[in-house]
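**Q** Just passing along the structure, written as structure tokens.
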Amino acid sequence: ATAAAGRVHFHDLHPTPADMRAEVLAGLALAQKRLSPKLFYDAEGSRLFDAICELSEYYPTRTEIGILRRHGAEMAERLGREALLIELGSGSSLKIRTLLEALRPAVYMPVDISKEHLLQSAEDLAAAFPGLDVHAVCADYSSAFVLPVDHHDHPRAAFFPGSSVGNFEPDAAARFMARVGQILGPGGRLLIGVDLIKDKHRLEAAYNDADGVTAAFNLNLLTRINRELGADFDLDAFRHEAVFNAELSRVEMHLISTKSQQVQVAGETFAFTEGESIHTECSYKYRIDGFHALAAEAGFTAEQVWTDPDELFSVHCLVW
Ligand code: AVJ
């Protein structure tokens with residue numbers, strides 16, 4: 001479906017069809033129970049994620065924005081003006097604002113899985129940047145999707161900030177980036193934010209904030225499943241946990257059952273022992289050379305990297 005609202009064109013590729021049920025049931029049937037981090041982003045989850053980005057402990061957002069502000073002109077130079085600019089997982093479309101003045105894209109195409117949030121953000125952005133052509137695409141960027149418009153007369157660029165690439169296992173990240181490369185075509189550039197390996201305490205604090213916002217974000221997944229799949233998770237019988245797995249270079253988020261219990265999900269029963277976890281998210285951290293090796297595996301050439309003075313976070317320009 002395509003609808004034009006002002007200069008915002010909306011393309012709904014229906015990213016959350018009936019298979020959410022199958023996916024959840026399959027994940028809960030595994031020996032190590034697992035739910036996909038994609039499921040975090042219902043309307044409430046998108047709101048909670050924005051709140052996470054404001055937390056003092058959650059350094060990635062403000063550090064990346066600092067890098068974008070400081071080096072935006074140079075980044076725009078690399079990406080080229082008048083491009084078809086695709087943002088993967090655009091959320092509230094806040095970070096792109098730091099680049100739009102310098103970039104002046106022909107078309108801005110935010111892609112996000114959270115429909116209402118995407119629509120609102122696209123409208124807000126179009127209002128703030130009159131003259132910008134916005135094509136909002138509601139889709140799951142982690143599965144193959146076709147661009148709803150093919151502006152082949154424009155060079156292509158993609159923006160994938162926030163270290164969202166860290167949600168993929170490294171081999172899946174390489175496959176995903178290769179797909180982005182296919183969409184971009186020869187000479188297309190990917191501007192991608194990547195969180196760097198650092199002190200365990202700093203990493204764990206970022207995912208265990210004192211206000212409990214990350215805990216609420218993690219637990220909201222169960223609220224969503226209760227509502228959308230008719231499940232009966234008791235929110236008081238699960239607690240949030242986040243730990244840095246140094247061996248695998250990733251922060252893992254879990255929901256831990258605080259007692260032995262049974263839960264009904266879409267007509268099926270799942271048993272939990274006390275202390276048993278549902279693994280809900282991986283957030284891989286990289287070294288700069290490690291990420292460049294991954295980019296090369298995907299078929300990209302690393303052109304330039306920018307970091308903050310404390311080397312907490314990195315933004316890379318890759319060319320296909
Ligand atoms: C949006 C995947 C980059 O991994 O840091 C924040 C999500 N999870 N706090 C991240 C998240 C818990 C975030 N990404």
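For the structure tokens, the naming scheme is as follows: chains receive sequential letters (A, B, ...) according to their order of presentation, residues are indexed from 1 within each chain, and ligands are indexed from 1 in presentation order.
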Can you pull out every residue with an atom within 6 Å of ligand 1? Use only C-alpha atoms and all ligand atoms and format it as a list of chain:residue names.
**A**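 With only C-alpha atoms and all ligand atoms and a cut-off of 6 Å, ligand 1 is contacted by A:Gly162, A:Ser163, A:Ser164, A:Asn167, A:Tyr207, A:Thr214, A:Ser283.
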**Q** Counting only C-alpha atoms, what is within 9 Å of Ala242 of chain A, bar same-chain residues fewer than 5 positions away, as a count of residues only?
**A** 9
**Q** Of the candidates A:Arg224, A:Arg62, A:Arg287, A:Arg189, which shows the shortest atom-to-atom distance to Val24 of chain A, using only C-alpha atoms?
**A**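 Between A:Arg224, A:Arg62, A:Arg287, A:Arg189, the residue approaching Val24 of chain A most closely is A:Arg224.
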**Q** Go through A:Ala231, A:Leu48, A:Val149, A:Ala144 and flag the residue nearest Arg179 of chain A, using only C-alpha atoms for the distances.
**A**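 Comparing A:Ala231, A:Leu48, A:Val149, A:Ala144 against Arg179 of chain A, the winner is A:Ala144.
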**Q** Using only C-alpha atoms, determine which residues lie at most 10 Å from Glu101 of chain A, disregarding the query and same-chain residues fewer than 6 positions distant; provide the list as an MDAnalysis selection string.
**A** chainID A and resid 72:73 76 129
**Q** Just the residues within 9 Å of Pro161 of chain A, please, counting only C-alpha atoms, with nothing from its chain fewer than 5 positions along; format it as a compact mmCIF listing (two decimals) with C-alpha atoms, in the first residue's frame.
**A**
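The file below, part17.txt, is the result:
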```
# COMPACT_ATOMS: atom_id res chain seq x y z
CA GLU A 64 27.62 8.71 18.14
CA GLU A 87 18.17 4.59 6.82
CA LEU A 88 17.82 1.10 8.27
CA GLY A 89 15.97 1.04 11.59
CA SER A 90 15.24 4.76 11.56
CA LYS A 95 20.42 11.09 14.28
CA ILE A 96 19.90 11.73 10.58
CA LEU A 191 27.66 4.88 6.92
CA ILE A 192 27.48 2.54 9.89
CA GLY A 193 27.81 3.05 13.64
CA VAL A 194 29.63 0.37 15.62
CA VAL A 315 31.31 5.43 12.65
```
**Q** Within 9 Å of Arg21 of chain A, counting only C-alpha atoms, which residues qualify if same-chain residues fewer than 6 places away don't, as number ranges by chain?
**A** A: 225, 228-229, 265-266
**Q** Any idea what's packed within 12 Å of Gly188 of chain A, counting only C-alpha atoms, ignoring anything in its chain fewer than 4 positions away? Could you give it as JSON, numbers by chain?
**A** {"A": [78, 79, 80, 83, 84, 85, 86, 152, 154, 155, 156, 157, 158, 159, 178, 180, 181, 182, 183, 184, 299, 300, 301, 303, 317, 318, 319, 320]}
**Q** Would you mind reading off the distance between atom CA of Phe272 of chain A and atom CA of Lys259 of chain A, one decimal, in Å?
**A**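 Going from atom CA of Phe272 of chain A over to atom CA of Lys259 of chain A, I get 7.6 Å.
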**Q** If you run DSSP on the backbone, which residues of segment 232-302 of chain A are strand (DSSP E or B), as a PyMOL selection string?
**A** chain A and resi 238-245+250-257+261-265+268-272+277-284+286+301-302
**Q** Which residue out of A:Ser114, A:Ser56, A:Asn218, A:Thr98 has the minimum interatomic distance to Glu281 of chain A when only C-alpha atoms are used?
**A**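 Closest to Glu281 of chain A of all the choices is A:Asn218.
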**Q** Using Å and a single decimal, report how far atom CA of Glu276 of chain A sits from atom CA of Gln262 of chain A.
**A**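 Separation between atom CA of Gln262 of chain A and atom CA of Glu276 of chain A: 11.9 Å.
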**Q** Can you work out which one of A:Ala298, A:Leu94, A:Val8, A:Cys53 has the shortest atom-to-atom distance to Ala136 of chain A, counting only C-alpha atoms?
**A**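 Once distances to Ala136 of chain A are computed over only C-alpha atoms, the minimum belongs to A:Val8.
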**Q** To test your reading of the structure, identify every residue in segment 46-266 of chain A that backbone DSSP assigns to alpha helix (DSSP H), and report it as a ChimeraX atom specification.
**A** /A:46-53,59-79,97-103,115-128,170-184,200-206,213-229
**Q** Using C-alpha atoms, can you write the selected residues to a file as a compact mmCIF listing (two decimals), in the first residue's frame?
**A**
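What ended up in part_37.txt:
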```
# COMPACT_ATOMS: atom_id res chain seq x y z
CA SER A 46 10.03 2.22 20.65
CA ARG A 47 9.14 4.81 23.30
CA LEU A 48 11.23 2.98 25.92
CA PHE A 49 14.14 2.72 23.50
CA ASP A 50 14.10 6.50 23.04
CA ALA A 51 14.19 6.81 26.85
CA ILE A 52 17.21 4.45 26.97
CA CYS A 53 19.02 6.74 24.53
CA TYR A 59 26.81 6.27 26.18
CA PRO A 60 26.34 5.00 22.55
CA THR A 61 23.65 7.46 21.43
CA ARG A 62 25.21 10.68 22.65
CA THR A 63 28.70 9.56 21.67
CA GLU A 64 27.62 8.71 18.14
CA ILE A 65 25.69 11.97 17.79
CA GLY A 66 28.85 13.81 18.90
CA ILE A 67 30.85 12.04 16.17
CA LEU A 68 28.16 12.84 13.56
CA ARG A 69 28.08 16.53 14.58
CA ARG A 70 31.82 16.84 14.56
CA HIS A 71 32.49 15.08 11.28
CA GLY A 72 29.19 15.46 9.46
CA ALA A 73 30.57 17.66 6.70
CA GLU A 74 33.27 15.12 5.89
CA MET A 75 30.75 12.27 6.00
CA ALA A 76 28.47 14.15 3.61
CA GLU A 77 31.44 14.64 1.32
CA ARG A 78 32.02 10.89 1.25
CA LEU A 79 28.38 9.91 0.78
CA ARG A 97 18.99 15.32 11.41
CA THR A 98 22.63 16.02 12.21
CA LEU A 99 23.54 15.07 8.62
CA LEU A 100 20.64 16.29 6.51
CA GLU A 101 21.79 19.90 6.14
CA ALA A 102 25.17 18.81 4.84
CA LEU A 103 23.87 15.82 2.87
CA LYS A 115 4.64 1.34 11.94
CA GLU A 116 2.98 4.10 14.00
CA HIS A 117 6.33 5.27 15.33
CA LEU A 118 7.76 5.39 11.81
CA LEU A 119 4.81 7.35 10.44
CA GLN A 120 4.94 9.92 13.22
CA SER A 121 8.72 10.30 12.94
CA ALA A 122 8.55 10.69 9.15
CA GLU A 123 5.89 13.39 9.49
CA ASP A 124 7.93 15.23 12.13
CA LEU A 125 11.04 15.07 9.99
CA ALA A 126 9.25 16.28 6.86
CA ALA A 127 7.87 19.22 8.87
CA ALA A 128 11.36 20.09 10.14
CA PRO A 170 28.90 -11.84 13.15
CA ASP A 171 28.28 -14.23 10.23
CA ALA A 172 24.68 -12.99 9.92
CA ALA A 173 25.98 -9.41 10.11
CA ALA A 174 28.24 -10.08 7.12
CA ARG A 175 25.35 -11.60 5.16
CA PHE A 176 23.11 -8.69 6.08
CA MET A 177 25.71 -6.12 5.02
CA ALA A 178 26.19 -7.95 1.72
CA ARG A 179 22.45 -7.56 1.12
CA VAL A 180 22.72 -3.85 1.84
CA GLY A 181 25.59 -3.76 -0.66
CA GLN A 182 23.36 -5.36 -3.29
CA ILE A 183 20.75 -2.68 -2.70
CA LEU A 184 23.37 0.08 -2.90
CA LYS A 200 33.12 -4.64 31.22
CA HIS A 201 31.72 -2.37 33.94
CA ARG A 202 31.04 0.45 31.56
CA LEU A 203 29.34 -1.93 29.14
CA GLU A 204 27.21 -3.60 31.77
CA ALA A 205 26.14 -0.29 33.31
CA ALA A 206 24.85 0.82 29.89
CA VAL A 213 14.39 1.71 31.89
CA THR A 214 16.31 -1.09 30.16
CA ALA A 215 14.63 -3.60 32.46
CA ALA A 216 11.22 -2.19 31.45
CA PHE A 217 12.27 -2.36 27.77
CA ASN A 218 13.28 -6.00 28.14
CA LEU A 219 10.17 -6.98 30.13
CA ASN A 220 7.88 -5.15 27.68
CA LEU A 221 8.57 -8.02 25.31
CA LEU A 222 6.53 -10.28 27.61
CA THR A 223 3.74 -7.70 27.85
CA ARG A 224 3.63 -7.60 24.07
CA ILE A 225 3.49 -11.38 23.78
CA ASN A 226 0.73 -11.50 26.44
CA ARG A 227 -1.32 -8.99 24.45
CA GLU A 228 -0.65 -10.10 20.88
CA LEU A 229 -0.44 -13.86 21.34
```
**Q** Select, from A:Gln264, A:Val137, A:Asp232, A:Ala210, the residue with the minimum atom-to-atom distance to His14 of chain A, counting only C-alpha atoms.
**A**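 Nearest candidate to His14 of chain A out of A:Gln264, A:Val137, A:Asp232, A:Ala210: A:Val137.
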**Q** Provide the atom CA of Ala43 of chain A to atom CA of Gly230 of chain A distance in Å, to one decimal place.
**A**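 Taking atom CA of Ala43 of chain A and atom CA of Gly230 of chain A, their separation equals 18.0 Å.
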